[in-house]
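Engineer: Compact mmCIF, C-alpha atoms, saved as target_25.txt, coming up:
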```txt
# COMPACT_ATOMS: atom_id res chain seq x y z
CA MET A 208 -24.48 72.23 7.02
CA TYR A 209 -21.76 71.97 4.37
CA LYS A 210 -20.16 75.18 5.61
CA GLU A 211 -20.28 73.94 9.21
CA PHE A 212 -18.47 70.79 8.06
CA GLY A 213 -15.65 72.83 6.55
CA ILE A 214 -16.76 72.59 2.91
CA LYS A 215 -16.38 75.88 1.08
CA GLU A 216 -19.19 77.25 -1.05
CA GLU A 217 -17.00 77.33 -4.16
CA VAL A 218 -16.24 73.63 -3.73
CA LEU A 219 -19.93 72.82 -3.39
CA ASN A 220 -20.73 74.81 -6.54
CA LEU A 221 -18.06 72.97 -8.51
CA SER A 222 -19.35 69.67 -7.17
CA GLU A 223 -22.88 70.37 -8.38
CA LYS A 224 -21.53 71.22 -11.83
CA ILE A 225 -19.41 68.12 -12.30
CA THR A 226 -21.92 65.70 -10.73
CA LYS A 227 -24.19 66.17 -13.74
CA GLU A 228 -21.33 65.50 -16.14
CA ILE A 229 -20.22 62.22 -14.57
CA SER A 230 -23.71 60.76 -14.10
CA PRO A 231 -23.67 58.75 -17.40
CA ILE A 232 -20.35 57.12 -16.40
CA PHE A 233 -21.94 55.85 -13.19
CA GLN A 234 -24.41 53.79 -15.21
CA GLU A 235 -21.69 51.37 -16.39
CA VAL A 236 -20.45 51.01 -12.80
CA GLU A 237 -23.98 50.13 -11.72
CA LYS A 238 -24.32 47.49 -14.47
CA ASN A 239 -21.17 45.72 -13.27
CA CYS A 240 -22.40 46.01 -9.69
CA GLU A 241 -25.63 44.21 -10.55
CA LEU A 242 -23.81 41.39 -12.38
CA ASN A 243 -21.39 40.86 -9.50
CA THR A 244 -24.25 41.01 -7.00
CA LEU A 245 -26.00 38.24 -8.92
CA LYS A 246 -22.77 36.21 -8.91
CA VAL A 247 -22.50 36.48 -5.12
CA LEU A 248 -26.16 35.73 -4.51
CA LYS A 249 -26.03 32.63 -6.71
CA ALA A 250 -23.04 31.33 -4.74
CA PHE A 251 -24.84 31.90 -1.42
CA ASN A 252 -27.87 30.05 -2.76
CA LYS A 253 -25.81 27.20 -4.22
CA TYR A 254 -24.19 26.43 -0.85
CA ASN A 255 -27.36 27.08 1.16
CA ILE A 256 -25.82 29.67 3.47
CA SER A 257 -27.71 29.71 6.76
CA ASP A 258 -27.34 30.73 10.38
CA MET A 259 -25.30 27.63 11.16
CA HIS A 260 -22.47 28.97 8.97
CA PHE A 261 -22.09 31.95 11.31
CA GLY A 262 -20.78 29.69 14.07
CA SER A 263 -17.39 30.02 15.72
CA THR A 264 -14.50 27.71 16.56
CA THR A 265 -11.49 28.14 18.82
CA GLY A 266 -8.23 26.26 19.37
CA TYR A 267 -7.38 24.10 16.38
CA GLY A 268 -10.61 24.91 14.58
CA TYR A 269 -11.37 21.34 13.50
CA GLY A 270 -14.65 20.79 11.65
CA ASP A 271 -15.54 24.45 11.12
CA VAL A 272 -18.40 24.08 8.65
CA GLY A 273 -18.74 27.84 8.27
CA ARG A 274 -15.08 28.30 7.35
CA ASP A 275 -15.14 25.41 4.88
CA THR A 276 -18.32 26.67 3.22
CA ILE A 277 -17.00 30.24 3.01
CA GLU A 278 -14.06 28.90 1.01
CA LYS A 279 -16.44 27.15 -1.38
CA VAL A 280 -18.43 30.37 -1.81
CA PHE A 281 -15.30 32.43 -2.50
CA ALA A 282 -14.08 29.84 -5.01
CA GLU A 283 -17.43 29.97 -6.80
CA VAL A 284 -17.52 33.77 -6.91
CA LEU A 285 -13.91 34.10 -8.08
CA GLY A 286 -14.08 31.26 -10.61
CA ALA A 287 -11.51 29.16 -8.73
CA GLU A 288 -11.10 25.43 -8.11
CA ASP A 289 -10.46 26.17 -4.43
CA SER A 290 -9.75 29.03 -2.06
CA LEU A 291 -8.10 29.74 1.27
CA VAL A 292 -9.96 32.49 3.18
CA ARG A 293 -8.57 33.06 6.64
CA GLY A 294 -8.50 35.60 9.42
CA GLN A 295 -5.01 34.31 10.20
CA PHE A 296 -3.79 36.36 7.25
CA ILE A 297 -2.74 39.76 8.61
CA SER A 298 -2.86 41.60 5.29
CA GLY A 299 -2.66 41.26 1.54
CA THR A 300 1.13 41.44 1.82
CA HIS A 301 1.04 38.53 4.27
CA ALA A 302 -1.10 36.44 1.90
CA LEU A 303 1.23 37.23 -1.01
CA THR A 304 4.21 36.25 1.15
CA VAL A 305 2.60 32.95 2.10
CA ALA A 306 1.83 32.23 -1.55
CA LEU A 307 5.35 33.05 -2.76
CA PHE A 308 7.02 30.96 -0.06
CA ALA A 309 4.56 28.13 -0.80
CA PHE A 310 5.20 28.03 -4.55
CA LEU A 311 8.92 28.83 -4.78
CA ARG A 312 11.90 26.68 -3.79
CA PRO A 313 15.69 27.31 -3.65
CA ASN A 314 17.11 28.05 -7.13
CA ASP A 315 13.63 28.80 -8.53
CA THR A 316 13.17 32.08 -10.38
CA MET A 317 10.34 34.55 -9.84
CA LEU A 318 9.67 37.02 -12.65
CA SER A 319 7.62 40.20 -12.19
CA ILE A 320 6.39 41.52 -15.54
CA CYS A 321 4.95 44.80 -14.21
CA GLY A 322 8.24 46.19 -12.98
CA LYS A 323 8.95 46.28 -9.25
CA PRO A 324 6.04 45.10 -7.10
CA TYR A 325 4.47 47.06 -4.25
CA ASP A 326 6.92 48.51 -1.73
CA THR A 327 5.93 46.15 1.10
CA LEU A 328 7.23 43.18 -0.95
CA ASP A 329 10.75 44.61 -1.23
CA GLU A 330 12.01 42.79 1.85
CA VAL A 331 9.91 39.71 1.12
CA ILE A 332 11.59 39.26 -2.25
CA GLY A 333 15.00 40.50 -1.15
CA ILE A 334 15.15 43.68 -3.24
CA VAL A 335 15.89 45.24 0.14
CA GLU A 336 18.12 42.95 2.20
CA ASN A 337 16.38 40.85 4.85
CA LYS A 338 17.62 37.61 6.42
CA SER A 339 14.15 36.06 6.01
CA SER A 340 13.61 37.05 2.35
CA LEU A 341 13.08 34.72 -0.60
CA LYS A 342 16.55 35.73 -1.75
CA SER A 343 18.03 34.47 1.54
CA TYR A 344 16.55 31.04 0.72
CA GLY A 345 18.11 31.02 -2.74
CA VAL A 346 15.09 32.14 -4.75
CA LYS A 347 16.10 34.31 -7.70
CA TYR A 348 14.20 37.40 -8.79
CA GLU A 349 13.93 39.16 -12.14
CA GLN A 350 11.67 41.90 -13.44
CA ILE A 351 10.60 43.28 -16.78
CA ASP A 352 9.43 46.87 -16.72
CA LEU A 353 6.32 48.12 -18.46
CA ILE A 354 6.53 50.28 -21.58
CA GLU A 355 4.11 53.20 -21.61
CA ASP A 356 1.71 51.47 -19.20
CA ASP A 357 1.68 48.23 -21.19
CA PHE A 358 3.63 44.98 -21.06
CA ASP A 359 6.94 44.60 -22.87
CA TYR A 360 5.56 41.70 -24.88
CA ASP A 361 8.77 40.97 -26.82
CA LYS A 362 10.94 40.69 -23.71
CA ILE A 363 8.30 38.63 -21.90
CA LEU A 364 8.00 36.22 -24.84
CA GLU A 365 11.77 35.82 -25.03
CA ARG A 366 12.20 35.25 -21.29
CA ALA A 367 9.18 32.96 -20.81
CA SER A 368 10.23 30.73 -23.72
CA LYS A 369 13.36 29.60 -21.83
CA ASN A 370 11.19 27.54 -19.45
CA ASP A 371 13.41 28.13 -16.40
CA ILE A 372 11.00 30.44 -14.56
CA LYS A 373 8.83 28.93 -11.82
CA LEU A 374 6.44 31.83 -11.23
CA ILE A 375 5.37 34.98 -13.07
CA GLU A 376 3.80 37.68 -10.93
CA ILE A 377 1.38 40.30 -12.27
CA GLN A 378 0.37 43.16 -10.00
CA ARG A 379 -3.00 44.43 -11.15
CA SER A 380 -2.93 47.68 -9.19
CA ARG A 381 -0.16 50.22 -9.55
CA GLY A 382 0.97 50.30 -5.93
CA TYR A 383 3.22 53.33 -5.53
CA ALA A 384 4.58 53.02 -9.07
CA LEU A 385 4.07 55.85 -11.57
CA ARG A 386 2.02 53.75 -13.96
CA LYS A 387 -1.58 52.92 -14.70
CA SER A 388 -3.25 49.81 -13.33
CA ILE A 389 -3.33 46.75 -15.58
CA THR A 390 -6.63 46.22 -17.37
CA LEU A 391 -7.96 42.71 -17.85
CA ASP A 392 -7.72 42.90 -21.64
CA LYS A 393 -3.97 43.60 -21.41
CA MET A 394 -3.60 40.89 -18.80
CA GLU A 395 -5.42 38.37 -20.99
CA LYS A 396 -3.20 39.24 -23.96
CA VAL A 397 0.03 38.71 -22.01
CA ILE A 398 -1.19 35.47 -20.38
CA LYS A 399 -2.05 34.02 -23.81
CA LEU A 400 1.40 35.05 -25.03
CA ILE A 401 3.11 33.34 -22.09
CA ARG A 402 1.05 30.19 -22.53
CA SER A 403 2.01 30.01 -26.21
CA VAL A 404 5.59 29.22 -25.16
CA ASN A 405 5.29 28.01 -21.56
CA LYS A 406 2.44 25.82 -20.32
CA ASP A 407 3.84 25.10 -16.87
CA VAL A 408 4.86 28.41 -15.31
CA ILE A 409 2.66 29.55 -12.40
CA ILE A 410 0.95 32.85 -13.23
CA MET A 411 0.02 34.62 -10.01
CA VAL A 412 -1.96 37.86 -9.91
CA ASP A 413 -1.87 40.28 -7.02
CA ASN A 414 -5.57 41.12 -7.23
CA CYS A 415 -5.65 43.67 -4.40
CA TYR A 416 -7.99 46.62 -5.12
CA GLY A 417 -9.28 44.92 -8.29
CA GLU A 418 -12.06 42.55 -7.22
CA PHE A 419 -15.54 43.32 -8.64
CA VAL A 420 -14.28 46.31 -10.62
CA ASP A 421 -14.90 44.32 -13.81
CA LYS A 422 -17.27 41.52 -14.78
CA VAL A 423 -14.75 38.69 -14.24
CA GLU A 424 -11.60 38.03 -12.21
CA PRO A 425 -8.11 37.14 -13.58
CA LEU A 426 -8.68 33.37 -13.13
CA ALA A 427 -11.23 33.57 -15.95
CA ILE A 428 -8.56 34.80 -18.37
CA GLY A 429 -5.90 32.20 -17.58
CA ALA A 430 -4.21 33.10 -14.28
CA ASN A 431 -3.44 30.12 -12.01
CA VAL A 432 -3.84 31.86 -8.67
CA ILE A 433 -4.99 35.24 -7.33
CA VAL A 434 -4.38 36.87 -3.97
CA GLY A 435 -6.22 39.67 -2.19
CA SER A 436 -7.13 41.27 1.12
CA LEU A 437 -10.43 41.24 3.01
CA ILE A 438 -9.92 44.78 4.31
CA LYS A 439 -10.04 45.86 0.69
CA ASN A 440 -12.72 45.06 -1.89
CA LEU A 441 -14.05 41.63 -0.96
CA GLY A 442 -14.48 42.43 2.73
CA GLY A 443 -17.14 45.00 1.89
CA GLY A 444 -16.06 47.18 4.81
CA ILE A 445 -17.44 44.58 7.22
CA ALA A 446 -14.77 41.86 7.46
CA PRO A 447 -12.49 42.97 10.33
CA ASN A 448 -9.35 41.32 8.94
CA GLY A 449 -8.10 38.51 6.72
CA ALA A 450 -7.16 37.76 3.12
CA TYR A 451 -7.60 35.05 0.49
CA ILE A 452 -5.66 32.92 -1.97
CA ALA A 453 -7.74 31.33 -4.75
CA GLY A 454 -7.08 29.33 -7.88
CA LYS A 455 -5.83 25.86 -8.81
CA LYS A 456 -6.54 23.34 -6.08
CA GLU A 457 -2.97 22.08 -5.78
CA LEU A 458 -1.65 25.64 -5.38
CA VAL A 459 -4.23 26.50 -2.72
CA GLU A 460 -3.23 23.33 -0.83
CA LEU A 461 0.44 24.34 -0.94
CA ALA A 462 -0.49 27.79 0.40
CA ALA A 463 -2.57 26.26 3.19
CA GLU A 464 0.33 24.08 4.30
CA ARG A 465 2.60 27.11 4.37
CA LEU A 466 0.08 29.14 6.39
CA THR A 467 -0.46 26.35 8.94
CA ALA A 468 1.88 23.34 8.74
CA PRO A 469 2.62 20.44 6.37
CA GLY A 470 0.03 17.75 6.96
CA LEU A 471 -2.46 20.17 8.53
CA GLY A 472 -3.22 22.55 5.66
CA LYS A 473 -6.84 23.68 5.46
CA GLU A 474 -8.07 21.33 8.18
CA VAL A 475 -7.15 23.75 10.98
CA GLY A 476 -7.66 27.42 11.69
CA PRO A 477 -10.15 28.73 14.28
CA THR A 478 -12.57 31.38 13.07
CA MET A 479 -13.31 32.93 16.47
CA GLY A 480 -16.57 34.58 15.44
CA ILE A 481 -15.46 36.04 12.11
CA ASN A 482 -17.57 33.88 9.75
CA LYS A 483 -20.66 36.08 9.71
CA TYR A 484 -18.58 39.18 9.00
CA ILE A 485 -16.74 37.55 6.12
CA LEU A 486 -19.99 36.35 4.56
CA GLN A 487 -21.80 39.64 5.08
CA GLY A 488 -18.79 41.56 3.79
CA LEU A 489 -18.69 39.50 0.60
CA PHE A 490 -22.46 39.96 0.23
CA MET A 491 -22.07 43.76 0.41
CA ALA A 492 -18.84 43.91 -1.59
CA PRO A 493 -20.28 44.56 -5.10
CA SER A 494 -22.19 47.59 -3.84
CA VAL A 495 -19.29 48.91 -1.76
CA VAL A 496 -16.84 48.51 -4.67
CA ALA A 497 -19.28 50.40 -6.90
CA SER A 498 -19.42 53.22 -4.32
CA SER A 499 -15.62 53.31 -4.20
CA LEU A 500 -15.45 53.55 -7.99
CA LYS A 501 -17.97 56.39 -8.03
CA THR A 502 -15.97 58.21 -5.37
CA ALA A 503 -12.80 57.80 -7.45
CA ILE A 504 -14.52 59.02 -10.63
CA TYR A 505 -15.88 62.03 -8.75
CA ALA A 506 -12.49 62.88 -7.22
CA SER A 507 -10.78 62.53 -10.60
CA LYS A 508 -13.16 64.98 -12.25
CA MET A 509 -13.03 67.47 -9.36
CA LEU A 510 -9.23 67.55 -9.23
CA GLU A 511 -8.91 67.63 -13.00
CA GLU A 512 -11.16 70.67 -13.10
CA LEU A 513 -8.73 72.34 -10.70
CA GLY A 514 -5.78 71.63 -12.96
CA TYR A 515 -4.23 68.60 -11.29
CA LYS A 516 -3.25 65.42 -13.11
CA ALA A 517 -5.60 62.65 -12.07
CA VAL A 518 -5.01 59.04 -13.13
CA PRO A 519 -7.21 57.42 -14.28
CA ARG A 520 -9.11 60.32 -15.80
CA PHE A 521 -12.76 60.38 -14.81
CA ASP A 522 -13.90 58.78 -18.09
CA GLU A 523 -11.17 56.14 -18.46
CA LYS A 524 -11.73 52.40 -18.04
CA ARG A 525 -10.66 51.28 -14.57
CA SER A 526 -9.08 48.08 -13.31
CA ASP A 527 -9.02 48.90 -9.60
CA ILE A 528 -10.49 51.33 -7.07
CA VAL A 529 -7.31 53.42 -6.70
CA GLN A 530 -7.32 57.07 -7.79
CA THR A 531 -4.09 59.02 -7.97
CA ILE A 532 -3.68 62.79 -7.92
CA GLU A 533 -0.37 64.38 -8.79
CA PHE A 534 0.02 67.56 -6.73
CA GLY A 535 3.60 68.46 -7.61
CA ASP A 536 3.84 70.08 -4.21
CA LYS A 537 4.58 68.47 -0.85
CA GLU A 538 2.40 70.81 1.23
CA LYS A 539 -0.67 70.48 -1.01
CA LEU A 540 -0.32 66.70 -0.90
CA ILE A 541 -0.18 66.74 2.89
CA LYS A 542 -3.13 69.16 3.17
CA TYR A 543 -5.28 66.97 0.92
CA CYS A 544 -4.54 63.84 2.96
CA GLN A 545 -5.26 65.74 6.16
CA GLY A 546 -8.57 66.89 4.67
CA ILE A 547 -9.55 63.28 3.93
CA GLN A 548 -8.88 62.47 7.59
CA MET A 549 -11.02 65.43 8.69
CA GLY A 550 -13.84 64.15 6.49
CA SER A 551 -13.70 60.67 8.03
CA PRO A 552 -16.05 59.17 10.64
CA ILE A 553 -13.28 57.90 12.94
CA ASP A 554 -10.38 59.97 14.35
CA SER A 555 -11.47 63.05 12.41
CA ASN A 556 -9.70 65.19 15.00
CA SER A 557 -6.36 63.50 14.29
CA ILE A 558 -3.94 65.21 11.93
CA PRO A 559 -1.84 62.70 9.95
CA GLU A 560 1.81 63.58 9.36
CA PRO A 561 4.49 61.91 7.24
CA TRP A 562 6.44 59.26 9.16
CA ASP A 563 8.64 56.20 8.77
CA MET A 564 6.63 53.01 8.34
CA PRO A 565 7.78 49.36 8.31
CA GLY A 566 8.09 48.02 4.77
CA TYR A 567 8.34 51.43 3.08
CA THR A 568 11.53 53.10 1.85
CA ASP A 569 10.20 56.69 2.03
CA GLN A 570 8.24 58.49 4.71
CA VAL A 571 4.52 57.93 4.17
CA ILE A 572 1.46 59.96 5.11
CA MET A 573 -1.69 57.91 5.66
CA ALA A 574 -5.19 59.26 6.14
CA ALA A 575 -7.54 56.49 7.21
CA GLY A 576 -10.39 57.38 9.55
CA ALA A 577 -11.72 53.86 9.25
CA PHE A 578 -13.79 51.51 11.41
CA THR A 579 -11.22 48.79 10.65
CA GLN A 580 -7.59 49.79 11.11
CA GLY A 581 -5.84 50.03 7.75
CA SER A 582 -8.99 49.29 5.75
CA SER A 583 -8.61 50.74 2.27
CA ILE A 584 -12.11 49.89 1.07
CA GLU A 585 -13.13 52.65 3.46
CA LEU A 586 -12.18 56.12 2.23
CA SER A 587 -8.46 56.53 2.70
CA CYS A 588 -5.58 58.40 1.13
CA ASP A 589 -1.88 57.75 1.46
CA ALA A 590 1.29 58.85 -0.23
CA PRO A 591 5.04 58.37 -0.13
CA ILE A 592 6.70 61.74 0.45
CA ARG A 593 8.71 61.94 -2.75
CA PRO A 594 8.40 63.92 -6.00
CA PRO A 595 6.14 64.35 -7.92
CA TYR A 596 4.04 64.12 -4.72
CA ILE A 597 1.26 61.79 -5.76
CA ALA A 598 -1.65 60.90 -3.48
CA PHE A 599 -3.15 57.41 -3.71
CA MET A 600 -6.81 57.57 -2.75
CA GLN A 601 -9.18 54.63 -2.56
CA GLY A 602 -12.38 53.44 -0.98
CA GLY A 603 -15.72 54.83 0.11
CA LEU A 604 -18.29 52.62 1.82
CA THR A 605 -20.98 54.76 0.22
CA TYR A 606 -20.64 57.26 -2.60
CA GLU A 607 -22.23 59.98 -0.49
CA TYR A 608 -19.64 59.62 2.29
CA GLY A 609 -16.84 59.48 -0.27
CA LYS A 610 -18.08 62.57 -2.07
CA ILE A 611 -18.30 64.58 1.14
CA GLY A 612 -14.81 63.44 2.16
CA VAL A 613 -13.34 64.61 -1.16
CA MET A 614 -15.05 67.99 -0.87
CA ARG A 615 -13.66 68.37 2.65
CA ALA A 616 -10.16 67.51 1.43
CA ILE A 617 -10.26 70.01 -1.43
CA SER A 618 -11.58 72.71 0.89
CA GLN A 619 -8.62 72.04 3.19
CA MET A 620 -6.09 72.81 0.48
CA GLY A 621 -6.17 76.59 0.85
CA LYS A 622 -7.20 79.79 -0.90
CA TRP A 623 -9.95 79.87 -3.49
CA ASP A 624 -8.96 82.99 -5.41
CA GLY A 625 -7.39 80.91 -8.18
CA SER A 626 -3.79 81.44 -7.04
CA ASN A 627 -3.69 78.16 -5.13
CA PHE A 628 -4.34 75.90 -8.10
CA PRO A 629 -2.24 75.06 -11.16
CA LYS A 630 -4.38 76.31 -14.03
CA LEU A 631 -7.80 77.77 -13.46
CA GLY A 632 -8.90 78.67 -16.96
CA LYS A 633 -12.25 80.07 -18.11
CA ARG A 634 -13.88 76.68 -17.96
CA ASP A 635 -12.56 76.13 -14.46
CA THR A 636 -13.06 79.54 -12.86
CA LEU A 637 -14.98 79.23 -9.62
```
Would you put the structure from the file into structure tokens?

Structural biologist:
Amino acid sequence: MYKEFGIKEEVLNLSEKITKEISPIFQEVEKNCELNTLKVLKAFNKYNISDMHFGSTTGYGYGDVGRDTIEKVFAEVLGAEDSLVRGQFISGTHALTVALFAFLRPNDTMLSICGKPYDTLDEVIGIVENKSSLKSYGVKYEQIDLIEDDFDYDKILERASKNDIKLIEIQRSRGYALRKSITLDKMEKVIKLIRSVNKDVIIMVDNCYGEFVDKVEPLAIGANVIVGSLIKNLGGGIAPNGAYIAGKKELVELAAERLTAPGLGKEVGPTMGINKYILQGLFMAPSVVASSLKTAIYASKMLEELGYKAVPRFDEKRSDIVQTIEFGDKEKLIKYCQGIQMGSPIDSNSIPEPWDMPGYTDQVIMAAGAFTQGSSIELSCDAPIRPPYIAFMQGGLTYEYGKIGVMRAISQMGKWDGSNFPKLGKRDTL
């Protein structure tokens, strides 16, 4: 059956070898999964979730008890005072945009302390010119780059102490940057440092790809507000769209009035049948995130055995579900992404090619044979076509599906006589 699915015998043999080696690492993932599962179940029980919360509203969406209760459940799970969880959000980028435009005013300054944020925010901020950017409204932007995958604490302390910054943004995941994701212990350290000199600045965390990877969320370590997508971790592969903003009540209210209209805020917003899917997605999310982490750990070990640079390494602590593989070769990168598509349940007969995409400065190849368009909690792999040709892989609704997809992708890459891979030593010989 593996051969019929395009998985080569040598790949299967390597898989059996490394599966035994990574088994102990899975145990820690499973512990976190159980704790986060308990957290979700307690929130469902606290707010007495029942069939009535699955109801639907149209039009203005007044009095949607399901929507209002969902936002209480999300707030409880994320450790927030309040949350805004809406299908009206198109993506994580949209939710981040709403939050930034809600919190920032003309002449305010936004400071990113992880270097440049994700590519899709370039035109939102005004790094790339756009007549509707924050810059066009007079909002100023500064950034402080990381040093060897950690914060530049001295520069951050100096800049934050001047008290003229309105908002500090921390991007937990690496995006398309050549850095590691930010762990919660580093994030906690820098937040404490900022608070030692500035009590008022808004600290906002782009939490995309990070939910349920650890035992707590960034609000528990001092962030004011976090933002994420429901077609990533917290949607559990079931929510068909949407995103969330959670944190301090006054900030969530500002975001709600920017999403809808001043004076309307959270009181409106039809759910149109989505409530059940959001609740069921959140219920499944701890398990699905654990499967995604296992898939990433497996892929990291497999590709490392073949001589490629995988970040994080299979045994490193993780802060998100993203796994990167540096191929150093355009064609190998493309072949791997195409193999992920071939190992997907939807559109497996489609062959992704690099192309120009809105919001990105380079051509991008995207493999995503997903039930929900663009869902990156389902197994997907994308990459900007630029040296050193790094693939960004994430997701896996179940570990078994993710594992098979990775094997299919590796099998797609070419010859298995050793000449096709960077450094097949004695340990790695197939």

Engineer: Counting only C-alpha atoms, which residue out of A:Ala302, A:Gly294, A:Asp356, A:Ser343 sits closest to Val459 (chain A)?

Structural biologist: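 Checking each candidate against Val459 (chain A), we get A:Ala302 as the closest.
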
Engineer: Using only C-alpha atoms, which of A:Thr531, A:Ser582, A:Gln545, A:Ser388 sits nearest Glu511 (chain A)?

Structural biologist: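 Going through A:Thr531, A:Ser582, A:Gln545, A:Ser388 one by one, the smallest distance to Glu511 (chain A) is for A:Thr531.
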
Engineer: Work out how far apart CA of Leu374 (chain A) and CA of Leu461 (chain A) are and give it in Å to one decimal.

Structural biologist: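 So the two atoms, CA of Leu374 (chain A) and CA of Leu461 (chain A), lie 14.1 Å apart.
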
Engineer: Using all atoms listed in the file, which residues sit within 9 Å of Val272 (chain A) once same-chain residues fewer than 6 positions away are excluded, as a PyMOL selection string?

Structural biologist: chain A and resi 259-260+262

Engineer: Residues within 7 Å of Gly213 (chain A), please, as JSON, numbers by chain. Count all atoms listed in the file; anything in the same chain fewer than 3 positions from it doesn't count.

Structural biologist: {"A": [209, 210, 615, 618]}

Engineer: From the list A:Ile410, A:Cys321, A:Ile553, A:Leu466, which residue is nearest Gln580 (chain A) when using all atoms listed in the file?

Structural biologist: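 Closest to Gln580 (chain A), using all atoms listed in the file: A:Ile553.
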
Engineer: Which is closest to Gln530 (chain A) among A:Gly417, A:Gly621, A:Gly435, A:Gly602, if we use only C-alpha atoms?

Structural biologist: A:Gly602

Engineer: Do you know which residues are at most 8 Å from Leu364 (chain A) counting only C-alpha atoms, after dropping those on the same chain fewer than 6 positions away, and could you put them as a list of chain:residue names?

Structural biologist: A:Leu400, A:Ile401, A:Val404

Engineer: In Å to one decimal, how far is CA of Ser551 (chain A) from CA of Gly576 (chain A)?

Structural biologist: 4.9 Å

Engineer: Using all atoms listed in the file, find each residue of region 488-548 of chain A with at least one atom at most 10 Å away from an atom of region 237-251 of chain A; report its shortest atom-to-atom pair and that distance in Å (one decimal), sort the rows by chain and rising residue number, and return the result as CSV.

Structural biologist:
```
residue,atom,partner,partner_atom,distance
A:Leu489,CA,A:Val247,CA,7.5
A:Phe490,CA,A:Val247,CA,6.4
A:Met491,CA,A:Thr244,CA,8.2
A:Ala492,CA,A:Thr244,CA,8.2
A:Pro493,CA,A:Cys240,CA,5.3
A:Ser494,CA,A:Cys240,CA,6.1
A:Val495,CA,A:Cys240,CA,9.0
A:Val496,CA,A:Cys240,CA,7.9
A:Ala497,CA,A:Cys240,CA,6.1
A:Ser498,CA,A:Glu237,CA,9.2
A:Leu500,CA,A:Glu237,CA,9.9
A:Lys501,CA,A:Glu237,CA,9.4
```

Engineer: Restricting the calculation to all atoms listed in the file, which member of A:Ser557, A:Ser339, A:Ser526, A:Ser263 is positioned closest to Gly476 (chain A)?

Structural biologist: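 Distance minimum relative to Gly476 (chain A) lands on A:Ser263.
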
Engineer: So how many Å separate CA of Ile617 (chain A) and CA of Pro595 (chain A), to one decimal?

Structural biologist: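 A separation of 18.5 Å between them.
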
Engineer: Leaving out Ala575 (chain A) and any residue of its chain fewer than 4 positions from it, which residues lie within 12 Å of it when counting all atoms listed in the file, given as a PDB file with C-alpha atoms, in the coordinates of the input?

Structural biologist:
```
ATOM      1  CA  CYS A 544      -4.540  63.840   2.960  1.00  0.00           C
ATOM      2  CA  GLN A 545      -5.260  65.740   6.160  1.00  0.00           C
ATOM      3  CA  GLY A 546      -8.570  66.890   4.670  1.00  0.00           C
ATOM      4  CA  ILE A 547      -9.550  63.280   3.930  1.00  0.00           C
ATOM      5  CA  GLN A 548      -8.880  62.470   7.590  1.00  0.00           C
ATOM      6  CA  MET A 549     -11.020  65.430   8.690  1.00  0.00           C
ATOM      7  CA  GLY A 550     -13.840  64.150   6.490  1.00  0.00           C
ATOM      8  CA  SER A 551     -13.700  60.670   8.030  1.00  0.00           C
ATOM      9  CA  PRO A 552     -16.050  59.170  10.640  1.00  0.00           C
ATOM     10  CA  ILE A 553     -13.280  57.900  12.940  1.00  0.00           C
ATOM     11  CA  ASP A 554     -10.380  59.970  14.350  1.00  0.00           C
ATOM     12  CA  SER A 555     -11.470  63.050  12.410  1.00  0.00           C
ATOM     13  CA  ASN A 556      -9.700  65.190  15.000  1.00  0.00           C
ATOM     14  CA  SER A 557      -6.360  63.500  14.290  1.00  0.00           C
ATOM     15  CA  ILE A 558      -3.940  65.210  11.930  1.00  0.00           C
ATOM     16  CA  PRO A 559      -1.840  62.700   9.950  1.00  0.00           C
ATOM     17  CA  GLU A 560       1.810  63.580   9.360  1.00  0.00           C
ATOM     18  CA  THR A 579     -11.220  48.790  10.650  1.00  0.00           C
ATOM     19  CA  GLN A 580      -7.590  49.790  11.110  1.00  0.00           C
ATOM     20  CA  GLY A 581      -5.840  50.030   7.750  1.00  0.00           C
ATOM     21  CA  SER A 582      -8.990  49.290   5.750  1.00  0.00           C
ATOM     22  CA  SER A 583      -8.610  50.740   2.270  1.00  0.00           C
ATOM     23  CA  ILE A 584     -12.110  49.890   1.070  1.00  0.00           C
ATOM     24  CA  GLU A 585     -13.130  52.650   3.460  1.00  0.00           C
ATOM     25  CA  LEU A 586     -12.180  56.120   2.230  1.00  0.00           C
ATOM     26  CA  SER A 587      -8.460  56.530   2.700  1.00  0.00           C
ATOM     27  CA  CYS A 588      -5.580  58.400   1.130  1.00  0.00           C
ATOM     28  CA  ASP A 589      -1.880  57.750   1.460  1.00  0.00           C
ATOM     29  CA  ALA A 590       1.290  58.850  -0.230  1.00  0.00           C
ATOM     30  CA  PHE A 599      -3.150  57.410  -3.710  1.00  0.00           C
ATOM     31  CA  MET A 600      -6.810  57.570  -2.750  1.00  0.00           C
ATOM     32  CA  GLN A 601      -9.180  54.630  -2.560  1.00  0.00           C
ATOM     33  CA  GLY A 602     -12.380  53.440  -0.980  1.00  0.00           C
ATOM     34  CA  GLY A 603     -15.720  54.830   0.110  1.00  0.00           C
ATOM     35  CA  GLY A 612     -14.810  63.440   2.160  1.00  0.00           C
TER      36      GLY A 612
END
```

Engineer: Under the rule that all atoms listed in the file are counted, which of A:Glu235, A:Asp357, A:Glu278, A:Asp289 is the nearest residue to Ile485 (chain A)?

Structural biologist: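 Under the stated criterion, the closest residue is A:Glu278.
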
Engineer: List the spatial neighbours of Ala306 (chain A) as a list of chain:residue names - criterion: any atom at most 8 Å away, only C-alpha atoms, same-chain residues fewer than 4 positions off excluded.

Structural biologist: A:Ala302, A:Phe310, A:Ile452, A:Ala462, A:Arg465
